[in-house]
Amino acid sequence: MALTLADAALLRSQNLIDHQWRDAGLGARLPVSNPATGEMFASVPDSDAGDARLAVDAAAAAFPAWSRRPARERAQLIKRWHALIVASQEDLARIISTEQGKPLKEARGEVQYGASYVEWFAEEATRICGDIVAEAVPGRKLLVLKEPVGVVAAITPWNFPLAMIARKIAPALAAGCTVVAKPAEDTPLTALALAWLAQQAGIPAGVLNMVTASREHTPGVVDAWLTDSRVRKITFTGSTPVGKHLARESAATLKKVSLELGGNAPFIVFEDADLDAAVDGLMASKFRNGGQTCVCPNRVYVHEVVHDAFVERLAQRVGALHVGPATDEAAQIGPMINARAVDKIARHVEDAVAKGARVVTGGKRVRTADGPHYYAPTVLIDATPAMELSCEETFGPVAPIFRFRDEAEVIRDANDTPFGLAAYFYSNDIRRIWRVAQTLETGMVGINEGAIASEAAPFGGVKESGYGREGSRHGLDDYMHTKYLCHGQLG
Ligand code: SIN
């Protein structure tokens with residue numbers, strides 16, 4: 001498979017450390033594979049702890065000058081980065097589709113989505129402000145400043161190779177922090193292209209450093225950052241077990257930590273819902289990115305009165321989804337990220353069927369001309385809490401439908417999970433809307449809406465889905481600490 005770009009310079013194959021593009025110190029390489037087949041089509045450095053430390057050296061050296069630079073100047077550089085990302089939309093979308101398997105149309109959307117965070121935080125940089133507090137004692141002034149925390153380590157997942165890393169780097173740079181970043185081993189090319197564009201935008205040496213590493217070498221890279229007291233913040237999107245490890249290990253140097261972890265989102269359709277809107281919402285939130293999204297509904301609860309009508313309309317839409325190579329303009333469901341992912345989806349469906357679920361549409365692996373790592377978009381009915389897919393994220397295009405009778409029962413079931421990232425519900429009863437929105441134990445709630453992410457809103461979870469927020473003004477705050485100045489002898 002060949003990846004041809006209008007701007008070939010975007011295809012990077014080295015780490016960015018201190019403004020230099022370099023191989024891993026030991027020269028090791030990490031293959032980058034076509035998700036549909038597992039075949040290698042490019043390679044990047046397989047970095048180790050030595051490379052990770054060099055990146056921190058650069059970021060620590062760059063921090064004093066970058067953090068003291070006027071916010072407006074930082075903002076202008078980040079805006080320039082934003083403009084270059086937007087201008088490279090088509091190439092970036094091709095890189096995303098090729099290494100991650102996201103259909104091209106969606107990949108273009110991801111570029112716009114990721115760029116929106118970069119623009120947002122460029123604007124927010126100029127609005128950083130503290131407080132002047134009424135003094136308790138005459139002759140004193142009490143001031144509160146916001147300061148950048150220092151060097152930030154950003155560790156990002158494969159499912160949104162551009163948006164996830166952009167929405168960590170942009171607020172860090174806006175706040176005045178410098179960054180060391182490690183993209184997911186499956187999707188390093190998009191991140192390296194972003195780093196290249198940041199360099200072209202004029203982001204100074206050492207302010208943004210990026211190293212790539214294999215699954216085997218990632219613990220060495222991450223441990224180098226965890227144990228380095230110069231790294232003052234870790235921001236991570238990924239699995240809950242890894243997030244807990246990072247939180248534990250960060251404690252030794254008391255780093256600030258933001259964690260956007262796993263979810264198990266409920267999607268509830270009440271008997272008073274607009275069913276067409278609910279089907280539209282589920283299609284948008286469940287089948288985007290082939291269901292490989294942390295905020296994807298994992299459990300769909302439908303009131304028994306509207307169950308059959310809802311399932312019929314949903315199955316028609318799901319059955320019509322076009323499965324095909326991600327770079328095919330017509331594709332709506334691309335390949336899953338790798339063979340392990342397809343195996344997990346198949347295992348969840350087999351387990352559900354063995355425990356009484358029925359397949360309405362899909363329910364099988366698919367092989368396209370492009371390769372074997374596809375799974376048919378699927379609707380299952382008669383799902384129950386005993387099934388694996390009710391307690392573990394399937395991360396694939398499978399919508400299991402649970403039938404329910406009353407509001408109290410469905411809220412109890414929806415909240416009966418250690419996770420609390422996103423929840424969705426459809427209802428036209430205004431009292432119920434407020435009651436349910438307040439009772440759901442999640443960081444985000446979609447009310448009559450299936451696509452909720454926005455650069456202007458705080459994205460993040462509660463419970464074992466993590467803490468910290470990305471996007472909105474809260475997303476900038478996570479990269480700053482609060483300093484109090486008490487200025488005395490004034491009166
Ligand atoms: C995310 O930003 O993590 C999810 C994006 C989406 O819901 O499309």
# chains A, B, ... in the order shown; residues from 1 in each chain; ligands from 1
$ residues_around --residues "range 306-317 of chain A" --least-positions-apart "5" --cutoff "7 Å" --atoms "only C-alpha atoms" --output "list in words"
Glu271, Leu275, Val279, Val360, Thr361, Val379 and Arg403 of chain A
$ residues_near_ligand --ligand "ligand 1" --cutoff "9 Å" --atoms "only C-alpha atoms and all ligand atoms" --output "list in words"
Gly109, Glu110, Tyr113, Gly114, Asn159, Phe160, Ala163, Met164, Arg167, Thr237, Glu260, Ala284, Ser285, Arg288, Asn289, Thr293, Cys294, Val295, Cys296, Gly450, Ala451, Ile452, Ala453, Ser454, Glu455, Phe459, Gly460 and Glu470 of chain A
$ closest_residue --among "A:Leu208, A:Ala320, A:Ala52, A:Ala414" --to "Leu226 in chain A" --atoms "only C-alpha atoms"
A:Ala52
$ select_by_dssp --residues "range 210-312 of chain A" --states "strand (DSSP E or B)" --output "mmCIF file with C-alpha atoms, in the first residue's frame"
data_model
loop_
_atom_site.group_PDB
_atom_site.id
_atom_site.type_symbol
_atom_site.label_atom_id
_atom_site.label_comp_id
_atom_site.auth_asym_id
_atom_site.auth_seq_id
_atom_site.Cartn_x
_atom_site.Cartn_y
_atom_site.Cartn_z
ATOM 1 C CA MET A 210 7.839 14.015 19.972
ATOM 2 C CA VAL A 231 8.121 16.626 34.115
ATOM 3 C CA ARG A 232 5.387 18.410 36.066
ATOM 4 C CA LYS A 233 2.306 17.016 34.389
ATOM 5 C CA ILE A 234 1.191 13.827 32.704
ATOM 6 C CA THR A 235 -1.810 13.923 30.407
ATOM 7 C CA PHE A 236 -3.056 10.605 29.096
ATOM 8 C CA THR A 237 -5.948 9.272 27.066
ATOM 9 C CA LYS A 256 -0.334 17.018 38.072
ATOM 10 C CA VAL A 257 -2.281 14.300 36.208
ATOM 11 C CA SER A 258 -5.147 14.400 33.688
ATOM 12 C CA LEU A 259 -6.680 11.092 32.668
ATOM 13 C CA GLU A 260 -9.280 10.499 29.994
ATOM 14 C CA ALA A 265 -21.661 4.737 27.856
ATOM 15 C CA PRO A 266 -25.380 4.066 28.228
ATOM 16 C CA PHE A 267 -27.756 5.353 25.531
ATOM 17 C CA ILE A 268 -31.349 5.451 26.772
ATOM 18 C CA VAL A 269 -34.451 5.800 24.621
ATOM 19 C CA PRO A 297 -22.622 4.069 23.484
ATOM 20 C CA ASN A 298 -21.776 0.578 24.688
ATOM 21 C CA ARG A 299 -25.229 -0.260 26.093
ATOM 22 C CA VAL A 300 -28.437 0.838 24.372
ATOM 23 C CA TYR A 301 -31.501 0.794 26.654
ATOM 24 C CA VAL A 302 -34.873 1.040 24.887
ATOM 25 C CA HIS A 303 -38.239 1.282 26.632
#
$ atom_distance --atom1 "CA of Cys177 in chain A" --atom2 "CA of Leu142 in chain A"
25.1 Å
$ residues_around --residues "range 186-195 of chain A" --least-positions-apart "2" --cutoff "7 Å" --atoms "only C-alpha atoms" --output "PyMOL selection string"
chain A and resi 10-12+32+92+95-96+99-100+158+161-162+183-184+197-199+212
$ decode --residues "range 378-403 of chain A" --atoms "N, CA and C atoms" --output "compact mmCIF listing (two decimals), in the first residue's frame"
# COMPACT_ATOMS: atom_id res chain seq x y z
N THR A 378 -23.44 -4.16 13.54
CA THR A 378 -24.28 -5.18 14.15
C THR A 378 -25.30 -4.58 15.12
N VAL A 379 -26.51 -5.15 15.08
CA VAL A 379 -27.50 -4.84 16.12
C VAL A 379 -27.87 -6.16 16.79
N LEU A 380 -27.79 -6.17 18.12
CA LEU A 380 -28.19 -7.35 18.91
C LEU A 380 -29.37 -6.96 19.77
N ILE A 381 -30.33 -7.85 19.93
CA ILE A 381 -31.40 -7.58 20.90
C ILE A 381 -31.35 -8.61 22.03
N ASP A 382 -32.14 -8.36 23.08
CA ASP A 382 -32.18 -9.22 24.27
C ASP A 382 -30.83 -9.26 24.98
N ALA A 383 -30.13 -8.14 24.99
CA ALA A 383 -28.87 -8.07 25.75
C ALA A 383 -29.20 -8.03 27.24
N THR A 384 -28.30 -8.58 28.05
CA THR A 384 -28.50 -8.59 29.51
C THR A 384 -27.19 -8.24 30.21
N PRO A 385 -27.29 -7.88 31.50
CA PRO A 385 -26.06 -7.51 32.23
C PRO A 385 -25.09 -8.68 32.40
N ALA A 386 -25.54 -9.92 32.13
CA ALA A 386 -24.63 -11.06 32.29
C ALA A 386 -23.62 -11.15 31.15
N MET A 387 -23.84 -10.37 30.10
CA MET A 387 -22.97 -10.50 28.91
C MET A 387 -21.72 -9.63 29.04
N GLU A 388 -20.62 -10.12 28.47
CA GLU A 388 -19.36 -9.37 28.57
C GLU A 388 -19.49 -7.96 28.02
N LEU A 389 -20.27 -7.81 26.95
CA LEU A 389 -20.37 -6.49 26.33
C LEU A 389 -21.10 -5.47 27.18
N SER A 390 -21.72 -5.93 28.27
CA SER A 390 -22.40 -4.94 29.12
C SER A 390 -21.45 -4.34 30.14
N CYS A 391 -20.31 -4.99 30.39
CA CYS A 391 -19.41 -4.42 31.40
C CYS A 391 -18.04 -4.04 30.84
N GLU A 392 -17.78 -4.39 29.58
CA GLU A 392 -16.47 -4.08 29.00
C GLU A 392 -16.72 -3.34 27.68
N GLU A 393 -15.91 -2.34 27.37
CA GLU A 393 -16.07 -1.63 26.08
C GLU A 393 -15.80 -2.59 24.93
N THR A 394 -16.74 -2.68 23.99
CA THR A 394 -16.52 -3.54 22.82
C THR A 394 -15.58 -2.87 21.84
N PHE A 395 -15.66 -1.56 21.72
CA PHE A 395 -14.83 -0.78 20.81
C PHE A 395 -14.96 -1.29 19.38
N GLY A 396 -16.19 -1.43 18.95
CA GLY A 396 -16.45 -1.89 17.60
C GLY A 396 -17.88 -1.55 17.24
N PRO A 397 -18.30 -1.85 15.99
CA PRO A 397 -19.60 -1.41 15.49
C PRO A 397 -20.75 -2.32 15.92
N VAL A 398 -20.91 -2.49 17.22
CA VAL A 398 -21.95 -3.40 17.73
C VAL A 398 -22.85 -2.64 18.69
N ALA A 399 -24.15 -2.63 18.40
CA ALA A 399 -25.12 -1.96 19.28
C ALA A 399 -25.98 -3.02 19.97
N PRO A 400 -25.72 -3.30 21.25
CA PRO A 400 -26.56 -4.27 21.96
C PRO A 400 -27.75 -3.56 22.60
N ILE A 401 -28.95 -4.07 22.35
CA ILE A 401 -30.16 -3.40 22.86
C ILE A 401 -30.66 -4.14 24.11
N PHE A 402 -30.83 -3.36 25.19
CA PHE A 402 -31.39 -3.86 26.45
C PHE A 402 -32.81 -3.29 26.54
N ARG A 403 -33.78 -4.12 26.85
CA ARG A 403 -35.17 -3.65 26.97
C ARG A 403 -35.39 -3.21 28.42
